[in-house]
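Below is the file protein.pdb, which contains PDB, C-alpha atoms and all ligand atoms.
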MODEL        1
ATOM      1  CA  MET I   1      22.770  22.406  20.395
ATOM      2  CA  ALA I   2      19.910  24.846  19.953
ATOM      3  CA  THR I   3      20.362  28.472  20.901
ATOM      4  CA  VAL I   4      17.160  29.381  22.646
ATOM      5  CA  HIS I   5      16.810  32.986  23.611
ATOM      6  CA  GLN I   6      15.833  33.220  27.223
ATOM      7  CA  SER I   7      12.666  34.951  28.181
ATOM      8  CA  ASN I   8      11.132  35.568  31.572
ATOM      9  CA  GLY I   9       7.864  34.264  30.233
ATOM     10  CA  HIS I  10       6.244  37.695  30.436
ATOM     11  CA  GLY I  11       6.926  38.928  26.965
ATOM     12  CA  GLU I  12      10.458  40.351  27.282
ATOM     13  CA  ALA I  13      11.598  38.616  24.088
ATOM     14  CA  ALA I  14       8.502  39.855  22.306
ATOM     15  CA  ALA I  15       9.177  43.375  23.476
ATOM     16  CA  ALA I  16      12.772  43.082  22.221
ATOM     17  CA  ASN I  17      11.366  42.086  18.823
ATOM     18  CA  GLY I  18       9.127  45.106  18.800
ATOM     19  CA  LYS I  19       6.034  42.942  19.221
ATOM     20  CA  SER I  20       3.811  43.329  22.186
ATOM     21  CA  ASN I  21       0.951  40.903  21.818
ATOM     22  CA  GLY I  22       1.368  39.688  25.377
ATOM     23  CA  HIS I  23       3.031  36.395  24.288
ATOM     24  CA  ALA I  24       6.734  35.611  24.292
ATOM     25  CA  ALA I  25       7.868  35.401  20.669
ATOM     26  CA  ALA I  26      10.167  32.541  19.737
ATOM     27  CA  ALA I  27      11.229  33.985  16.408
ATOM     28  CA  ALA I  28      14.988  33.810  16.880
ATOM     29  CA  ALA I  29      15.221  30.239  18.194
ATOM     30  CA  ASP I  30      17.274  27.580  16.409
ATOM     31  CA  TRP I  31      14.950  24.623  16.621
ATOM     32  CA  ASN I  32      16.556  21.164  16.746
ATOM     33  CA  PHE I  33      13.759  19.764  14.587
ATOM     34  CA  ALA I  34      14.065  22.424  11.876
ATOM     35  CA  GLY I  35      16.193  20.050   9.736
ATOM     36  CA  GLY I  36      12.943  18.239   8.988
ATOM     37  CA  LYS I  37      11.884  21.017   6.649
ATOM     38  CA  ASP I  38      14.146  19.516   3.972
ATOM     39  CA  GLY I  39      13.197  15.950   4.853
ATOM     40  CA  ILE I  40      11.290  13.498   2.730
ATOM     41  CA  LEU I  41       7.929  14.002   4.458
ATOM     42  CA  ALA I  42       8.100  17.773   4.159
ATOM     43  CA  THR I  43       9.075  17.852   0.511
ATOM     44  CA  THR I  44       7.801  14.675  -1.097
ATOM     45  CA  GLY I  45       4.092  15.501  -1.496
ATOM     46  CA  ALA I  46       4.056  17.193  -4.870
ATOM     47  CA  LYS I  47       6.708  14.869  -6.282
ATOM     48  CA  ASN I  48       5.670  11.406  -5.145
ATOM     49  CA  SER I  49       2.006  11.472  -4.316
ATOM     50  CA  ILE I  50      -0.516  11.151  -7.096
ATOM     51  CA  ARG I  51      -3.156  12.413  -4.664
ATOM     52  CA  ALA I  52      -1.242  15.664  -4.192
ATOM     53  CA  ILE I  53      -1.170  16.157  -7.962
ATOM     54  CA  ARG I  54      -4.848  15.265  -8.316
ATOM     55  CA  TYR I  55      -5.866  17.645  -5.515
ATOM     56  CA  LYS I  56      -3.850  20.397  -7.201
ATOM     57  CA  ILE I  57      -5.520  19.834 -10.559
ATOM     58  CA  SER I  58      -8.989  19.543  -8.973
ATOM     59  CA  ALA I  59      -8.445  22.838  -7.163
ATOM     60  CA  SER I  60      -7.761  24.567 -10.466
ATOM     61  CA  VAL I  61     -10.861  23.153 -12.200
ATOM     62  CA  GLU I  62     -13.974  25.263 -12.191
ATOM     63  CA  GLU I  63     -16.882  22.839 -11.730
ATOM     64  CA  SER I  64     -19.445  25.540 -12.523
ATOM     65  CA  GLY I  65     -17.608  26.606 -15.677
ATOM     66  CA  PRO I  66     -19.165  26.373 -19.152
ATOM     67  CA  ARG I  67     -17.562  22.997 -19.911
ATOM     68  CA  PRO I  68     -18.555  19.796 -18.072
ATOM     69  CA  VAL I  69     -15.791  18.188 -16.009
ATOM     70  CA  LEU I  70     -15.327  14.463 -16.672
ATOM     71  CA  PRO I  71     -13.276  12.471 -14.154
ATOM     72  CA  LEU I  72     -11.393  10.188 -16.547
ATOM     73  CA  ALA I  73      -9.144   8.654 -13.901
ATOM     74  CA  HIS I  74     -11.563   7.699 -11.177
ATOM     75  CA  GLY I  75     -10.317   5.224  -8.593
ATOM     76  CA  ASP I  76     -13.558   5.149  -6.606
ATOM     77  CA  PRO I  77     -16.154   2.866  -8.220
ATOM     78  CA  SER I  78     -18.757   3.699  -5.562
ATOM     79  CA  VAL I  79     -19.407   7.175  -7.010
ATOM     80  CA  PHE I  80     -21.168   5.601  -9.995
ATOM     81  CA  PRO I  81     -24.765   4.763  -9.027
ATOM     82  CA  ALA I  82     -24.721   1.628 -11.194
ATOM     83  CA  PHE I  83     -22.081   0.117  -8.897
ATOM     84  CA  ARG I  84     -23.328  -0.814  -5.457
ATOM     85  CA  THR I  85     -22.141  -3.550  -3.186
ATOM     86  CA  ALA I  86     -24.498  -6.443  -2.426
ATOM     87  CA  VAL I  87     -27.325  -5.532  -0.080
ATOM     88  CA  GLU I  88     -26.500  -8.706   1.878
ATOM     89  CA  ALA I  89     -23.065  -7.257   2.649
ATOM     90  CA  GLU I  90     -24.577  -3.989   3.873
ATOM     91  CA  ASP I  91     -27.128  -5.876   5.984
ATOM     92  CA  ALA I  92     -24.419  -8.091   7.491
ATOM     93  CA  VAL I  93     -22.324  -5.087   8.498
ATOM     94  CA  ALA I  94     -25.331  -3.252   9.939
ATOM     95  CA  ALA I  95     -26.440  -6.369  11.848
ATOM     96  CA  ALA I  96     -22.925  -6.911  13.211
ATOM     97  CA  LEU I  97     -22.833  -3.317  14.452
ATOM     98  CA  ARG I  98     -26.227  -3.728  16.131
ATOM     99  CA  THR I  99     -24.999  -6.698  18.185
ATOM    100  CA  GLY I 100     -22.744  -4.313  20.092
ATOM    101  CA  GLN I 101     -19.999  -6.961  19.992
ATOM    102  CA  PHE I 102     -17.776  -5.150  17.520
ATOM    103  CA  SER I 103     -17.347  -1.762  19.117
ATOM    104  CA  CYS I 104     -14.298  -3.051  20.950
ATOM    105  CA  TYR I 105     -10.624  -2.671  20.052
ATOM    106  CA  ALA I 106      -9.755  -5.417  17.622
ATOM    107  CA  ALA I 107      -6.362  -7.139  17.604
ATOM    108  CA  GLY I 108      -3.856  -5.229  15.472
ATOM    109  CA  VAL I 109      -3.735  -8.097  12.979
ATOM    110  CA  GLY I 110      -7.559  -8.232  12.728
ATOM    111  CA  LEU I 111     -10.497 -10.075  14.252
ATOM    112  CA  PRO I 112      -9.965 -13.875  14.199
ATOM    113  CA  ALA I 113     -13.314 -14.571  12.509
ATOM    114  CA  ALA I 114     -12.627 -12.018   9.783
ATOM    115  CA  ARG I 115      -9.108 -13.390   9.205
ATOM    116  CA  SER I 116     -10.567 -16.898   8.889
ATOM    117  CA  ALA I 117     -13.179 -15.705   6.403
ATOM    118  CA  VAL I 118     -10.532 -14.076   4.180
ATOM    119  CA  ALA I 119      -8.304 -17.180   4.478
ATOM    120  CA  GLU I 120     -11.168 -19.411   3.407
ATOM    121  CA  HIS I 121     -12.020 -17.140   0.486
ATOM    122  CA  LEU I 122      -8.441 -16.928  -0.798
ATOM    123  CA  SER I 123      -7.810 -20.662  -0.330
ATOM    124  CA  GLN I 124     -10.273 -21.298  -3.173
ATOM    125  CA  GLY I 125      -7.735 -19.902  -5.638
ATOM    126  CA  VAL I 126      -4.663 -21.936  -4.630
ATOM    127  CA  PRO I 127      -3.799 -25.646  -4.304
ATOM    128  CA  TYR I 128      -3.263 -25.477  -0.521
ATOM    129  CA  LYS I 129      -5.153 -24.039   2.430
ATOM    130  CA  LEU I 130      -4.447 -20.702   4.051
ATOM    131  CA  SER I 131      -5.090 -20.354   7.774
ATOM    132  CA  ALA I 132      -6.295 -17.305   9.707
ATOM    133  CA  ASP I 133      -2.664 -16.750  10.770
ATOM    134  CA  ASP I 134      -1.712 -16.194   7.124
ATOM    135  CA  ILE I 135      -4.011 -13.158   6.901
ATOM    136  CA  PHE I 136      -3.235  -9.710   8.294
ATOM    137  CA  LEU I 137      -6.158  -7.312   8.069
ATOM    138  CA  THR I 138      -5.352  -3.723   7.176
ATOM    139  CA  ALA I 139      -7.071  -0.416   6.531
ATOM    140  CA  GLY I 140      -7.440  -1.029   2.785
ATOM    141  CA  GLY I 141      -4.745  -2.028   0.342
ATOM    142  CA  THR I 142      -3.032   1.250   1.176
ATOM    143  CA  GLN I 143      -2.184   0.199   4.712
ATOM    144  CA  ALA I 144      -1.041  -3.167   3.399
ATOM    145  CA  ILE I 145       1.590  -1.282   1.351
ATOM    146  CA  GLU I 146       2.383   0.840   4.401
ATOM    147  CA  VAL I 147       3.079  -2.326   6.408
ATOM    148  CA  ILE I 148       5.114  -4.298   3.874
ATOM    149  CA  ILE I 149       7.548  -1.581   2.797
ATOM    150  CA  PRO I 150       9.014  -0.803   6.263
ATOM    151  CA  VAL I 151       9.312  -4.523   6.950
ATOM    152  CA  LEU I 152      11.501  -4.835   3.832
ATOM    153  CA  ALA I 153      13.389  -1.643   4.631
ATOM    154  CA  GLN I 154      14.685  -3.029   7.944
ATOM    155  CA  THR I 155      17.946  -4.171   6.366
ATOM    156  CA  ALA I 156      20.313  -1.264   5.714
ATOM    157  CA  GLY I 157      20.947  -0.764   2.003
ATOM    158  CA  ALA I 158      17.986  -2.922   0.906
ATOM    159  CA  ASN I 159      16.282  -2.301  -2.421
ATOM    160  CA  ILE I 160      13.037  -3.313  -4.093
ATOM    161  CA  LEU I 161      12.087  -3.814  -7.750
ATOM    162  CA  LEU I 162       8.970  -1.934  -8.894
ATOM    163  CA  PRO I 163       7.143  -1.932 -12.244
ATOM    164  CA  ARG I 164       7.161   1.022 -14.608
ATOM    165  CA  PRO I 165       4.444   2.188 -15.208
ATOM    166  CA  GLY I 166       3.113   1.403 -11.751
ATOM    167  CA  TYR I 167       1.098   2.566  -8.776
ATOM    168  CA  PRO I 168       3.005   5.487  -7.221
ATOM    169  CA  ASN I 169       2.077   4.784  -3.615
ATOM    170  CA  TYR I 170       4.879   2.191  -3.588
ATOM    171  CA  GLU I 171       7.524   4.728  -4.592
ATOM    172  CA  ALA I 172       6.215   7.218  -2.018
ATOM    173  CA  ARG I 173       6.179   4.679   0.793
ATOM    174  CA  ALA I 174       9.662   3.432  -0.168
ATOM    175  CA  ALA I 175      10.960   7.008  -0.093
ATOM    176  CA  PHE I 176       9.483   7.544   3.381
ATOM    177  CA  ASN I 177      11.297   4.424   4.563
ATOM    178  CA  LYS I 178      14.570   5.062   2.732
ATOM    179  CA  LEU I 179      14.151   1.852   0.744
ATOM    180  CA  GLU I 180      15.929   2.113  -2.592
ATOM    181  CA  VAL I 181      13.695   1.599  -5.627
ATOM    182  CA  ARG I 182      14.858   0.018  -8.890
ATOM    183  CA  HIS I 183      12.444  -0.071 -11.806
ATOM    184  CA  PHE I 184      11.777  -2.718 -14.415
ATOM    185  CA  ASP I 185       9.664  -2.056 -17.484
ATOM    186  CA  LEU I 186       6.324  -3.459 -18.558
ATOM    187  CA  ILE I 187       6.375  -4.186 -22.284
ATOM    188  CA  PRO I 188       3.429  -2.702 -24.235
ATOM    189  CA  GLU I 189       3.989  -4.966 -27.273
ATOM    190  CA  LYS I 190       3.650  -8.021 -25.005
ATOM    191  CA  GLY I 191       0.385  -7.019 -23.322
ATOM    192  CA  TRP I 192       2.288  -5.109 -20.615
ATOM    193  CA  GLU I 193       4.087  -8.206 -19.414
ATOM    194  CA  ILE I 194       7.031  -7.769 -17.074
ATOM    195  CA  ASP I 195      10.419  -7.524 -18.755
ATOM    196  CA  VAL I 196      11.492 -10.655 -16.899
ATOM    197  CA  ASP I 197      14.864 -10.841 -18.656
ATOM    198  CA  SER I 198      15.873  -7.442 -17.249
ATOM    199  CA  LEU I 199      15.322  -8.413 -13.608
ATOM    200  CA  GLU I 200      18.659 -10.147 -13.118
ATOM    201  CA  SER I 201      20.577  -7.142 -14.395
ATOM    202  CA  ILE I 202      18.931  -4.684 -11.966
ATOM    203  CA  ALA I 203      18.868  -6.928  -8.878
ATOM    204  CA  ASP I 204      21.735  -7.625  -6.494
ATOM    205  CA  LYS I 205      22.220  -9.271  -3.104
ATOM    206  CA  ASN I 206      20.449  -6.328  -1.401
ATOM    207  CA  THR I 207      17.275  -6.833  -3.427
ATOM    208  CA  THR I 208      14.548  -8.050  -1.096
ATOM    209  CA  ALA I 209      11.394  -8.160  -3.212
ATOM    210  CA  MET I 210       9.731  -7.396  -6.511
ATOM    211  CA  LEU I 211       6.221  -6.105  -7.063
ATOM    212  CA  ILE I 212       3.704  -7.330  -9.581
ATOM    213  CA  ILE I 213       0.334  -5.621  -9.945
ATOM    214  CA  ASN I 214      -2.121  -8.134 -11.361
ATOM    215  CA  PRO I 215      -4.682  -7.339 -12.740
ATOM    216  CA  ASN I 216      -2.590  -4.345 -13.609
ATOM    217  CA  ASN I 217      -3.068  -0.748 -12.656
ATOM    218  CA  PRO I 218      -2.606   1.351 -14.754
ATOM    219  CA  CYS I 219      -2.435  -0.915 -17.842
ATOM    220  CA  GLY I 220      -5.467  -3.159 -17.254
ATOM    221  CA  SER I 221      -3.560  -6.293 -18.323
ATOM    222  CA  VAL I 222      -4.009  -9.710 -16.708
ATOM    223  CA  TYR I 223      -0.975 -12.001 -16.553
ATOM    224  CA  SER I 224      -1.052 -15.578 -17.842
ATOM    225  CA  TYR I 225      -0.171 -18.664 -15.819
ATOM    226  CA  GLU I 226       3.042 -19.085 -17.829
ATOM    227  CA  HIS I 227       4.130 -15.498 -17.244
ATOM    228  CA  LEU I 228       3.497 -15.687 -13.492
ATOM    229  CA  ALA I 229       5.393 -19.011 -13.310
ATOM    230  CA  LYS I 230       8.359 -17.329 -15.025
ATOM    231  CA  VAL I 231       8.224 -14.446 -12.518
ATOM    232  CA  ALA I 232       8.233 -16.925  -9.631
ATOM    233  CA  GLU I 233      11.252 -18.784 -11.062
ATOM    234  CA  VAL I 234      13.246 -15.580 -11.455
ATOM    235  CA  ALA I 235      12.288 -14.462  -7.934
ATOM    236  CA  ARG I 236      13.534 -17.775  -6.582
ATOM    237  CA  LYS I 237      16.788 -17.451  -8.498
ATOM    238  CA  LEU I 238      17.273 -13.932  -7.118
ATOM    239  CA  GLY I 239      16.293 -15.000  -3.590
ATOM    240  CA  ILE I 240      13.531 -12.415  -3.330
ATOM    241  CA  LEU I 241       9.889 -12.517  -2.338
ATOM    242  CA  VAL I 242       7.063 -11.458  -4.627
ATOM    243  CA  ILE I 243       4.622  -8.785  -3.541
ATOM    244  CA  ALA I 244       1.481  -9.402  -5.567
ATOM    245  CA  ASP I 245      -0.883  -6.442  -5.543
ATOM    246  CA  GLU I 246      -4.154  -8.168  -6.372
ATOM    247  CA  VAL I 247      -6.668  -5.523  -5.308
ATOM    248  CA  TYR I 248      -8.254  -5.754  -8.780
ATOM    249  CA  GLY I 249      -8.523  -9.554  -8.594
ATOM    250  CA  LYS I 250     -12.257  -9.487  -9.222
ATOM    251  CA  LEU I 251     -12.258  -6.596 -11.675
ATOM    252  CA  VAL I 252     -10.767  -8.284 -14.701
ATOM    253  CA  LEU I 253     -10.823  -6.576 -18.097
ATOM    254  CA  GLY I 254     -11.066  -8.971 -21.071
ATOM    255  CA  ASN I 255     -11.294 -12.753 -21.075
ATOM    256  CA  ALA I 256      -8.016 -13.791 -19.468
ATOM    257  CA  PRO I 257      -8.675 -15.463 -16.100
ATOM    258  CA  PHE I 258      -7.082 -13.949 -12.994
ATOM    259  CA  ILE I 259      -4.580 -16.343 -11.402
ATOM    260  CA  PRO I 260      -3.450 -15.537  -7.844
ATOM    261  CA  MET I 261       0.332 -15.354  -7.471
ATOM    262  CA  GLY I 262      -0.090 -17.616  -4.428
ATOM    263  CA  VAL I 263      -0.421 -20.523  -6.879
ATOM    264  CA  PHE I 264       3.383 -20.220  -7.215
ATOM    265  CA  GLY I 265       4.069 -19.749  -3.493
ATOM    266  CA  HIS I 266       5.992 -23.055  -3.382
ATOM    267  CA  ILE I 267       8.514 -21.607  -5.879
ATOM    268  CA  ALA I 268       8.985 -18.191  -4.234
ATOM    269  CA  PRO I 269       7.129 -16.809  -1.202
ATOM    270  CA  VAL I 270       4.362 -14.320  -1.884
ATOM    271  CA  LEU I 271       2.837 -11.454   0.063
ATOM    272  CA  SER I 272      -0.458 -10.689  -1.628
ATOM    273  CA  ILE I 273      -2.240  -7.388  -1.129
ATOM    274  CA  GLY I 274      -6.020  -7.523  -1.342
ATOM    275  CA  SER I 275      -8.853  -5.200  -0.551
ATOM    276  CA  LEU I 276     -12.627  -4.840  -0.518
ATOM    277  CA  SER I 277     -12.308  -1.401  -2.115
ATOM    278  CA  LYS I 278     -12.540  -2.175  -5.827
ATOM    279  CA  SER I 279     -13.813  -5.735  -6.028
ATOM    280  CA  TRP I 280     -16.662  -5.163  -3.572
ATOM    281  CA  ILE I 281     -17.105  -1.446  -4.444
ATOM    282  CA  VAL I 282     -16.701  -0.190  -0.870
ATOM    283  CA  PRO I 283     -13.435   1.792  -0.709
ATOM    284  CA  GLY I 284     -14.714   3.778   2.275
ATOM    285  CA  TRP I 285     -15.048   0.650   4.392
ATOM    286  CA  ARG I 286     -11.237   0.582   4.480
ATOM    287  CA  LEU I 287     -10.727  -3.127   4.685
ATOM    288  CA  GLY I 288      -7.811  -4.847   3.060
ATOM    289  CA  TRP I 289      -5.243  -7.489   3.855
ATOM    290  CA  VAL I 290      -1.805  -8.918   3.434
ATOM    291  CA  ALA I 291      -2.100 -12.633   2.650
ATOM    292  CA  VAL I 292       0.995 -14.733   3.213
ATOM    293  CA  TYR I 293       1.347 -17.498   0.631
ATOM    294  CA  ASP I 294       4.270 -19.381   2.044
ATOM    295  CA  PRO I 295       3.729 -23.156   1.905
ATOM    296  CA  THR I 296       7.450 -23.804   2.460
ATOM    297  CA  LYS I 297       7.534 -21.495   5.516
ATOM    298  CA  ILE I 298      10.361 -19.251   4.307
ATOM    299  CA  LEU I 299       8.624 -16.080   5.471
ATOM    300  CA  GLU I 300       8.108 -17.660   8.872
ATOM    301  CA  GLU I 301      11.789 -18.611   9.167
ATOM    302  CA  THR I 302      13.009 -15.209   8.022
ATOM    303  CA  LYS I 303      10.599 -13.536  10.469
ATOM    304  CA  ILE I 304       8.809 -11.524   7.785
ATOM    305  CA  SER I 305       5.458 -12.675   9.222
ATOM    306  CA  THR I 306       6.607 -11.777  12.749
ATOM    307  CA  SER I 307       7.693  -8.333  11.533
ATOM    308  CA  ILE I 308       4.268  -7.745   9.961
ATOM    309  CA  THR I 309       2.580  -8.753  13.234
ATOM    310  CA  ASN I 310       4.847  -6.475  15.246
ATOM    311  CA  TYR I 311       4.221  -3.567  12.874
ATOM    312  CA  LEU I 312       0.449  -3.998  13.076
ATOM    313  CA  ASN I 313       0.572  -4.303  16.864
ATOM    314  CA  VAL I 314       1.709  -0.688  17.044
ATOM    315  CA  SER I 315      -0.509   0.681  14.274
ATOM    316  CA  THR I 316      -3.884   2.328  14.644
ATOM    317  CA  ASP I 317      -6.406  -0.170  13.345
TER     318      ASP I 317
HETATM  319  C1  LIG I 401      -2.816  -1.055  -7.551
HETATM  320  C2  LIG I 401      -3.459  -0.548  -6.308
HETATM  321  N1  LIG I 401      -3.026  -1.006  -5.117
HETATM  322  C3  LIG I 401      -3.549  -0.579  -3.965
HETATM  323  C4  LIG I 401      -4.566   0.358  -3.944
HETATM  324  C5  LIG I 401      -5.098   0.830  -2.635
HETATM  325  O1  LIG I 401      -6.216   0.086  -2.260
HETATM  326  P1  LIG I 401      -7.278   0.664  -1.211
HETATM  327  O2  LIG I 401      -8.142   1.622  -1.943
HETATM  328  O3  LIG I 401      -8.008  -0.545  -0.719
HETATM  329  O4  LIG I 401      -6.525   1.336  -0.113
HETATM  330  C6  LIG I 401      -5.066   0.868  -5.150
HETATM  331  C7  LIG I 401      -6.115   1.888  -5.149
HETATM  332  O5  LIG I 401      -6.396   2.537  -6.120
HETATM  333  C8  LIG I 401      -4.489   0.409  -6.360
HETATM  334  O6  LIG I 401      -4.910   0.865  -7.538
ENDMDL
END
Rewrite the structure from the file as structure tokens, please.
Ligand SMILES: Cc1ncc(COP(=O)(O)O)c(C=O)c1O
Amino acid sequence: MATVHQSNGHGEAAAANGKSNGHAAAAAADWNFAGGKDGILATTGAKNSIRAIRYKISASVEESGPRPVLPLAHGDPSVFPAFRTAVEAEDAVAAALRTGQFSCYAAGVGLPAARSAVAEHLSQGVPYKLSADDIFLTAGGTQAIEVIIPVLAQTAGANILLPRPGYPNYEARAAFNKLEVRHFDLIPEKGWEIDVDSLESIADKNTTAMLIINPNNPCGSVYSYEHLAKVAEVARKLGILVIADEVYGKLVLGNAPFIPMGVFGHIAPVLSIGSLSKSWIVPGWRLGWVAVYDPTKILEETKISTSITNYLNVSTD
């Protein structure tokens, strides 16, 4: 119970503290919410967020100094003038705005026509058809991560398998949601393939999902059909779903073709994260998605899709 020092509202407490600015001071109160100062949101920034580290480094760099500053780890392709999205895309967005039909609140899961368009696009890469209901539109790939992690964290004691090296937003979001993280390694000598053999030893009955990032950030590798098939088989054996972060699906380095994890959705269910940000060079448009590749309807039965819908129905976009 908080001990709140009573005041008559006319500055008595302030006077007792030797302050007389005309406002009652609340200096000596024991606030019930003060425990939050040691909580994950208050303390995680510098540890878990790559943005926090980047902002810190940027703040210490003197742009007008004698040496030029080269951003060697740039995640925003749009800052380079050579990269510009198609003028047709810009025209289509401008024209849509001008109709006045899209200034309304959209459904939390996205506009039906936009969901259909993404479903049609993604269906080209897999041997079955996705429907609009399989697509959840999000504010970039980042919100897709923000949606999936709490859905998986609903079960007390759940854990998730993440790649090392990886994309740190997953660790940060898991920490916010008290979802335990277990890491598996990517093997440099094997083109940064997943150490598939290690997965069984780190997983247990509380493991809900594993993440693959393909094409990979930060390693740039692109996984082969055989490797992805192996991942799907292990996921099935472990009884876990595969989160496939495919935001770089159209930015492939080298000659290996990109194969969507959804191709193996009949072996283990897949939640794929996609985004316009990198592939269409418009990160500021903040459009991404979670695509549900679930031809055997496991994610429907286990209410993962319902949980995603319910999450998005109370989110801001
Ligand atoms: C692997 C990976 N996933 C997700 C994201 C977030 O995507 P978005 O910029 O669309 O929010 C990024 C952005 O850098 C990324 O590299």
List all protein, DNA and RNA residues that have an atom no more than 9 Å from any atom of ligand LIG 401 (chain I), counting all atoms listed in the file, and report them as a PyMOL selection string.
chain I and resi 74-76+138-145+166-170+213-218+245-248+273-278+282-289
Give as a JSON list (two decimals) with C-alpha atoms, in the coordinates of the input the residues that the PyMOL selection byres (((chain I and resi 160) around 7) and not hetatm) matches when applied to the coordinates above.
[["chain", "number", "residue", "atom", "x", "y", "z"],
["I", 159, "ASN", "CA", 16.28, -2.30, -2.42],
["I", 161, "LEU", "CA", 12.09, -3.81, -7.75],
["I", 162, "LEU", "CA", 8.97, -1.93, -8.89],
["I", 180, "GLU", "CA", 15.93, 2.11, -2.59],
["I", 181, "VAL", "CA", 13.70, 1.60, -5.63],
["I", 182, "ARG", "CA", 14.86, 0.02, -8.89],
["I", 207, "THR", "CA", 17.27, -6.83, -3.43],
["I", 208, "THR", "CA", 14.55, -8.05, -1.10],
["I", 209, "ALA", "CA", 11.39, -8.16, -3.21],
["I", 210, "MET", "CA", 9.73, -7.40, -6.51]]
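Closest approach to Val151 (chain I) among I:Ala106, I:Leu251, I:Leu122, I:Ala174: I:Ala174, based on only C-alpha atoms.
Distances from I:Trp280, I:Ala256, I:Asp195, I:Val270 to Thr85 (chain I) were compared using only C-alpha atoms, and the smallest one belongs to I:Trp280.
The shortest atom-to-atom distance to Lys178 (chain I), with all atoms listed in the file taken into account, belongs to I:Leu41 out of I:Thr316, I:Ile304, I:Leu41, I:Ser201.
Here CA of Ile135 (chain I) and CA of Val234 (chain I) stand 25.3 Å from one another.
You will find CA of Asp197 (chain I) at 13.0 Å from CA of His183 (chain I).
Coordinates place CA of Thr306 (chain I) at a distance of 14.6 Å from CA of Ala107 (chain I).
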Could you pull out every residue with an atom within 12 Å of (15.0, -10.3, -18.6), file coordinates, counting all atoms listed in the file, and send them as a PyMOL selection string?
chain I and resi 184-187+193-203+230-231+233-235
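With the shown file loaded, the PyMOL selection byres (((chain I and resi 117-121) around 7) and not hetatm) picks out I:Ala113, I:Ala114, I:Arg115, I:Ser116, I:Leu122, I:Ser123, I:Gln124, I:Leu130, I:Ser131, I:Ala132, I:Ile135.
For the choices I:Tyr225, I:Pro150, I:Ile240, I:Ala175, the atom-to-atom distance to Ile40 (chain I) is smallest for I:Ala175 when using all atoms listed in the file.
Shortest separation to Leu238 (chain I) among I:Ile57, I:Lys205, I:Val222, I:Pro260 occurs at residue I:Lys205, atoms counted being all atoms listed in the file.
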Exercise: Thr296 (chain I) partners within 8 Å, only C-alpha atoms, chain neighbours under 6 positions left out, as a PyMOL selection string:
chain I and resi 265-266+269
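When all atoms listed in the file are used to compute distances to Val263 (chain I), the closest of the residues I:Trp31, I:Tyr128, I:Tyr223, I:Phe136 turns out to be I:Tyr128.
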Which residues would end up in the selection if the PyMOL selection byres (((chain I and resi 254) around 9) and not hetatm) were applied here, given that I need the answer as a PDB file with C-alpha atoms, in the frame of the given file?
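out27.pdb, freshly written:
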ATOM      1  CA  GLY I 220      -5.467  -3.159 -17.254  1.00  0.00           C
ATOM      2  CA  SER I 221      -3.560  -6.293 -18.323  1.00  0.00           C
ATOM      3  CA  VAL I 222      -4.009  -9.710 -16.708  1.00  0.00           C
ATOM      4  CA  VAL I 252     -10.767  -8.284 -14.701  1.00  0.00           C
ATOM      5  CA  LEU I 253     -10.823  -6.576 -18.097  1.00  0.00           C
ATOM      6  CA  ASN I 255     -11.294 -12.753 -21.075  1.00  0.00           C
ATOM      7  CA  ALA I 256      -8.016 -13.791 -19.468  1.00  0.00           C
ATOM      8  CA  PRO I 257      -8.675 -15.463 -16.100  1.00  0.00           C
TER       9      PRO I 257
END
Contacts of region 299-302 of chain I at 10 Å (all atoms listed in the file; same-chain gap of 4+ positions) as a list in words
Leu241, Ala268, Pro269, Val270, Leu271, Val292, Tyr293, Asp294, Pro295, Thr306 and Ser307 of chain I
